[in-house]
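Engineer: Quick one: structure below, then a few questions.
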Amino acid sequence: MTAQATSIHKGWTFPLTLPRVVMLLLALAGIGVLGWRFAVGLGASTNLRDNFPWGLWIGFDMMTGVALAAGGFTMTFYIEVIGKERFHAFIRPAVLTAFIGYLLAIVGLLGDLGLPWRIYHPIYMWNLHSFMFEVAWCVILYTTVLFIEFLPIPLERFGLQKPLRLVRKIMPVFIVMGIILSTLHQSSLGSLFLMMGHRLHELWWSPIIPVHFLLTAICVGFAMVAFEAILGSWLLKHPLDSKLLGELMRPLPWLLLVTLAVRLGDLAVRGSLFAATEGSLQSWSFLVEMSLGLALPALLLFSRAWRESPGRLFSAVTLVVLGVILNRVNVSMIGMFTPNSTYIPAWSEWVVSVGLVTAGVLAVVFISENMPVHEEHEPQPAH
Amino acid sequence: MTNSSNYMGMLIDTTQCMGCRGCQVACKQWQELKAEKTTFFGGGGYQNPPDLSADTFTLITFTETEDENGLHWTFAKRSCMHCDEPACASVCPVGALTKEANGAVVYDADKCIGCRYCMLACPWSAPSYQWNSPVPFVRKCTLCNDRLQLGKAPACVSGCPTGALQFGRREDLLNEARARIAKHPDHYVDHIYGEKEAGGTGVIYLSAIPFSELGFPEVPHHKMSQDAEQVMKVIPWWVAGLGAVLTGTYALTERRKRIATETAAAESQAKQTGGEL
């Protein structure tokens, strides 16, 4: 780790290539539209209304953003707690993505809340019956934990040895707290929908929807790590040990299989499986989610050759990532359609969401290029 | 604090309503709500405005049905149902919605953060939002809580010329509703809507036609927060259990790592000394 601290030159670097300029403009457009939304209110800036009060900013920015940040807790659990030391190089990118993901989800939430300047209210106005209260506390606490887990990166960059040693000493406590908070947060985003049995389509509503949310989050936690590592090696020339990455992905097909089995088993037990054949928008969306998002990548990833070829692994984990995005979109939007209330996001909602994603990508790229995120793979000590 | 026998509610006998919408006007006046610009046939036939909104806390719905005797109108007054155990109050993260001892489900605008969870959790979609304001609040019928505190009936009840709306203790109203059904079993369907729906509501209805034909949703006969409470109960155990498992596993892993480094160090030292000799 000391080796790479010196490999990064002291100045800041951010080569403005054309794609980056485009992303910067998209991010700025998103921020601009977000500002406009505060001037005109949600009615003029979104397609939300009384019979469709949650849309893209909750369903995508918040729900999906948090799910895609699951690499943070899955990797700290798998690598630090279980002790799969040889994968150590994958922790920092995962923690960085999680931290940035949470910050963006919070920005999205601030845009969506009617009275965002009161976002601190749940700190001292309590309702222990509310899953939204739990979500609020998880966001506050886990973002703090992620900040501490992220701290070694800038501390190393600036050569602050004393605080670095202190952070390392207290890190185990925060790793354990972070995993507990993550499981609570990921599942409670699903629990929010426990109250919507009258509205959410039976293919997604379930008394154990928090379990489904947690399982899909764990799957996408693994998938996002591979997705980013491969993309980074292609576009940013980050070092990639494809054999090691393939090995790290070994649990993923099993996780996908368990997720699929629990989901279908739950539907079968409650007699809702046949709703998948009703031929509605919802049933098709469900079938795509199950087949392309879970079954197919599970099948592909059982093959070791598929896991260890970056191109093929990328295609499989992309399916997983898109599948989980589709799941969150299904639960929060498509599954909530009723005959007299459907919803298509307004242009401004798209601009903000795209802007937030590009801002996140830019932040991750900037930090990757200027701080010690990607370790050179140190040779394995012989056992 | 709720006690279904003791708080105030409203009995709405749709067979006695003539659709004059006096209640709508009285509500607008007392609550000082803006008029809405509407169009004829903007929704649901002669119903006007088409739906509840941030400026319309109560609305007479117009339903036309046909039987062997010809066409019939049924008018029903929709508003907040003032549940025993309101879903909105259970989901609000900051406790801005509460069930008062007098029966009213009221909203504290000073607490609200604008997450709009209440709107989605309510099976009747009673809460509405001020979508066009940069400082928006949730709006809904308050059962005229301010009038209740002065010992008056809600404005809509006072404005009803036919007695279709009746205000009183919920238990008395339920007895009255049961008595009416018993006295005219051919006149009413045998269903007091709101007696059991969502675990019981303060506003209850009588009708001559099935409530599904009036567009009333079928709502489970238990409090809406039942499933959520089951899951909520698991959380302390989950935190304690997972915390113990994680801490234990982490400690074992750290121990294994320490032993491995120590062994490696000892081995390399042995090798070094061996080489020097």
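Residue names in the structure tokens use chain letters A, B, ... in the order shown, residue numbers from 1 in each chain, and ligand numbers from 1 in the order shown.
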Once you count only C-alpha atoms, what closest atom pair and distance in Å to one decimal does each residue of chain B within 6 Å of chain A have, with rows by chain and rising residue number, as CSV?
Structural biologist:
residue,atom,partner,partner_atom,distance
B:Ser90,CA,A:His129,CA,5.7
B:Val91,CA,A:Ser130,CA,4.4
B:Pro93,CA,A:Phe133,CA,4.2
B:Val94,CA,A:Met125,CA,4.9
B:Gly95,CA,A:Asn127,CA,5.3
B:Ile113,CA,A:Leu115,CA,4.9
B:Gly114,CA,A:Gly114,CA,4.1
B:Cys115,CA,A:Leu113,CA,5.2
B:Ala121,CA,A:Met195,CA,5.5
B:Ser128,CA,A:Asp50,CA,5.7
B:Trp131,CA,A:Gly43,CA,4.4
B:Asn132,CA,A:Gly43,CA,4.8
B:Ser133,CA,A:Gly41,CA,5.2
B:Pro134,CA,A:Gly41,CA,4.1
B:Pro136,CA,A:Gly114,CA,5.9
B:Ala228,CA,A:Leu194,CA,5.6
B:Tyr250,CA,A:Val81,CA,4.6
B:Thr253,CA,A:Gly83,CA,5.5
Engineer: Would you pick out the contacts of A:Met63 at 9 Å or less, using only C-alpha atoms, so that residues sharing its chain but fewer than 2 positions from it are not included, and give the list as a list in words?
Structural biologist: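 Surrounding residues, per the criterion: Trp57, Ile58, Gly59, Phe60, Asp61, Gly65, Val66, Ala67, Leu68, Ala105, Gln186, Leu189, Gly190, Ile325, Arg328, Val329 and Ser332 of chain A.
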Engineer: Based on the selection just made, write N, CA, C and O atoms of those residues as a PDB file, in the first residue's frame.
Structural biologist:
ATOM      1  N   TRP A  57     -37.485   9.564  -9.111  1.00  0.00           N
ATOM      2  CA  TRP A  57     -36.467   9.995  -8.142  1.00  0.00           C
ATOM      3  C   TRP A  57     -36.423   9.074  -6.937  1.00  0.00           C
ATOM      4  O   TRP A  57     -35.371   8.862  -6.340  1.00  0.00           O
ATOM      5  N   ILE A  58     -37.573   8.529  -6.538  1.00  0.00           N
ATOM      6  CA  ILE A  58     -37.577   7.536  -5.460  1.00  0.00           C
ATOM      7  C   ILE A  58     -37.262   6.156  -6.028  1.00  0.00           C
ATOM      8  O   ILE A  58     -36.394   5.440  -5.538  1.00  0.00           O
ATOM      9  N   GLY A  59     -37.957   5.782  -7.098  1.00  0.00           N
ATOM     10  CA  GLY A  59     -37.843   4.427  -7.637  1.00  0.00           C
ATOM     11  C   GLY A  59     -36.484   4.137  -8.241  1.00  0.00           C
ATOM     12  O   GLY A  59     -35.970   3.030  -8.116  1.00  0.00           O
ATOM     13  N   PHE A  60     -35.893   5.119  -8.902  1.00  0.00           N
ATOM     14  CA  PHE A  60     -34.582   4.882  -9.505  1.00  0.00           C
ATOM     15  C   PHE A  60     -33.453   5.478  -8.665  1.00  0.00           C
ATOM     16  O   PHE A  60     -32.608   4.769  -8.147  1.00  0.00           O
ATOM     17  N   ASP A  61     -33.455   6.789  -8.495  1.00  0.00           N
ATOM     18  CA  ASP A  61     -32.327   7.444  -7.817  1.00  0.00           C
ATOM     19  C   ASP A  61     -32.095   6.868  -6.428  1.00  0.00           C
ATOM     20  O   ASP A  61     -30.972   6.566  -6.042  1.00  0.00           O
ATOM     21  N   GLY A  65     -30.187   3.367  -6.578  1.00  0.00           N
ATOM     22  CA  GLY A  65     -28.895   3.878  -6.129  1.00  0.00           C
ATOM     23  C   GLY A  65     -28.385   3.128  -4.913  1.00  0.00           C
ATOM     24  O   GLY A  65     -27.226   2.725  -4.854  1.00  0.00           O
ATOM     25  N   VAL A  66     -29.264   2.908  -3.957  1.00  0.00           N
ATOM     26  CA  VAL A  66     -28.859   2.206  -2.739  1.00  0.00           C
ATOM     27  C   VAL A  66     -28.537   0.746  -3.049  1.00  0.00           C
ATOM     28  O   VAL A  66     -27.554   0.188  -2.546  1.00  0.00           O
ATOM     29  N   ALA A  67     -29.348   0.112  -3.916  1.00  0.00           N
ATOM     30  CA  ALA A  67     -29.079  -1.294  -4.259  1.00  0.00           C
ATOM     31  C   ALA A  67     -27.709  -1.423  -4.927  1.00  0.00           C
ATOM     32  O   ALA A  67     -26.928  -2.311  -4.593  1.00  0.00           O
ATOM     33  N   LEU A  68     -27.407  -0.517  -5.861  1.00  0.00           N
ATOM     34  CA  LEU A  68     -26.139  -0.623  -6.585  1.00  0.00           C
ATOM     35  C   LEU A  68     -24.940  -0.284  -5.694  1.00  0.00           C
ATOM     36  O   LEU A  68     -23.802  -0.553  -6.061  1.00  0.00           O
ATOM     37  N   ALA A 105     -27.826   9.171  -3.754  1.00  0.00           N
ATOM     38  CA  ALA A 105     -29.186   8.810  -3.354  1.00  0.00           C
ATOM     39  C   ALA A 105     -29.752   9.896  -2.437  1.00  0.00           C
ATOM     40  O   ALA A 105     -30.931  10.251  -2.530  1.00  0.00           O
ATOM     41  N   GLN A 186     -31.149  -2.070   3.170  1.00  0.00           N
ATOM     42  CA  GLN A 186     -31.567  -2.716   1.924  1.00  0.00           C
ATOM     43  C   GLN A 186     -32.940  -3.368   2.108  1.00  0.00           C
ATOM     44  O   GLN A 186     -33.817  -3.233   1.270  1.00  0.00           O
ATOM     45  N   LEU A 189     -35.993  -0.848   2.609  1.00  0.00           N
ATOM     46  CA  LEU A 189     -36.525  -0.216   1.391  1.00  0.00           C
ATOM     47  C   LEU A 189     -37.626  -1.088   0.799  1.00  0.00           C
ATOM     48  O   LEU A 189     -38.602  -0.588   0.233  1.00  0.00           O
ATOM     49  N   GLY A 190     -37.479  -2.419   0.948  1.00  0.00           N
ATOM     50  CA  GLY A 190     -38.552  -3.316   0.526  1.00  0.00           C
ATOM     51  C   GLY A 190     -39.721  -3.266   1.497  1.00  0.00           C
ATOM     52  O   GLY A 190     -40.882  -3.248   1.088  1.00  0.00           O
ATOM     53  N   ILE A 325     -32.014  -3.415 -11.292  1.00  0.00           N
ATOM     54  CA  ILE A 325     -32.615  -2.111 -11.595  1.00  0.00           C
ATOM     55  C   ILE A 325     -34.077  -2.318 -11.998  1.00  0.00           C
ATOM     56  O   ILE A 325     -34.980  -1.631 -11.497  1.00  0.00           O
ATOM     57  N   ARG A 328     -36.309  -2.991  -8.974  1.00  0.00           N
ATOM     58  CA  ARG A 328     -36.671  -1.796  -8.197  1.00  0.00           C
ATOM     59  C   ARG A 328     -37.671  -0.923  -8.961  1.00  0.00           C
ATOM     60  O   ARG A 328     -38.582  -0.342  -8.370  1.00  0.00           O
ATOM     61  N   VAL A 329     -37.493  -0.850 -10.284  1.00  0.00           N
ATOM     62  CA  VAL A 329     -38.434  -0.081 -11.112  1.00  0.00           C
ATOM     63  C   VAL A 329     -39.807  -0.759 -11.100  1.00  0.00           C
ATOM     64  O   VAL A 329     -40.848  -0.099 -11.014  1.00  0.00           O
ATOM     65  N   SER A 332     -41.430  -0.154  -7.555  1.00  0.00           N
ATOM     66  CA  SER A 332     -41.799   1.223  -7.204  1.00  0.00           C
ATOM     67  C   SER A 332     -42.663   1.892  -8.270  1.00  0.00           C
ATOM     68  O   SER A 332     -43.365   2.850  -7.971  1.00  0.00           O
TER      69      SER A 332
END
Engineer: Could you work out how far atom CA of B:Tyr188 lies from atom CA of B:Asn175, giving the answer in Å with one decimal?
Structural biologist: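 Taking atom CA of B:Asn175 and atom CA of B:Tyr188, their separation equals 14.8 Å.
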Engineer: If you take only C-alpha atoms and a cut-off of 12 Å, which residues of stretch 188-211 of chain B touch stretch 13-30 of chain B, and what are their nearest atom pairs and distances in Å to one decimal, in chain and number order, as a tab-separated table?
Structural biologist:
residue	atom	partner	partner_atom	distance
B:Tyr188	CA	B:Thr15	CA	8.2
B:Val189	CA	B:Thr15	CA	10.8
B:His191	CA	B:Asp13	CA	11.8
B:Ile192	CA	B:Asp13	CA	9.8
B:Tyr193	CA	B:Asp13	CA	10.5
B:Val203	CA	B:Asp13	CA	10.8
B:Ile204	CA	B:Asp13	CA	8.5
B:Tyr205	CA	B:Asp13	CA	5.8
B:Leu206	CA	B:Asp13	CA	4.7
B:Ser207	CA	B:Thr14	CA	5.4
B:Ala208	CA	B:Thr15	CA	6.3
B:Ile209	CA	B:Thr15	CA	9.3
B:Pro210	CA	B:Thr14	CA	11.5
B:Phe211	CA	B:Thr14	CA	10.4
Engineer: Identify all residues of stretch 26-181 of chain B in strand (DSSP E or B) (DSSP on the backbone) and supply them as a VMD selection string.
Structural biologist: chain B and resid 53 56 59 to 67 70 to 78 83 97 to 99 105 to 107 128 to 129 138 to 139 165 to 169
Engineer: Do you have the atom CA of A:Trp306-atom CA of A:Pro253 distance handy?
Structural biologist: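 If I compute the distance from atom CA of A:Trp306 to atom CA of A:Pro253, I get 11.4 Å.
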Engineer: Could you pull out the helix (DSSP H, G or I) residues of stretch 13-231 of chain B from DSSP and send them as a ChimeraX atom specification?
Structural biologist: /B:14-16,22-31,87-91,117-121,145-149,155-158,170-183,197-199,211-214,226-231
Engineer: So that I can see what lies close to stretch 236-250 of chain A, please list as a count of residues only the residues with an atom at most 10 Å from it, counting only C-alpha atoms and leaving out residues fewer than 5 positions away in the same chain.
Structural biologist: 36
Engineer: Mind giving me the straight-line distance from atom CA of B:Tyr7 to atom CA of B:Val105 in Å, one decimal?
Structural biologist: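 Computing the Euclidean distance for atom CA of B:Tyr7 and atom CA of B:Val105 yields 11.3 Å.
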Engineer: Got a sec: who's within 12 Å of B:Phe40, counting only C-alpha atoms, leaving out chain neighbours fewer than 5 positions off, as a ChimeraX atom specification?
Structural biologist: /B:45-50
Engineer: Identify, on the basis of only C-alpha atoms, every residue whose closest approach to A:Val357 does not exceed 12 Å; exclude the query and any residue fewer than 2 positions from it along the same chain; express the result as a count of residues only.
Structural biologist: 36
Engineer: Find, counting only C-alpha atoms, the residue in B:Gly243, B:Gly202, B:Pro220, B:Pro161 that gets nearest to B:Asp84.
Structural biologist: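 Among B:Gly243, B:Gly202, B:Pro220, B:Pro161, it is B:Gly202 that comes nearest to B:Asp84.
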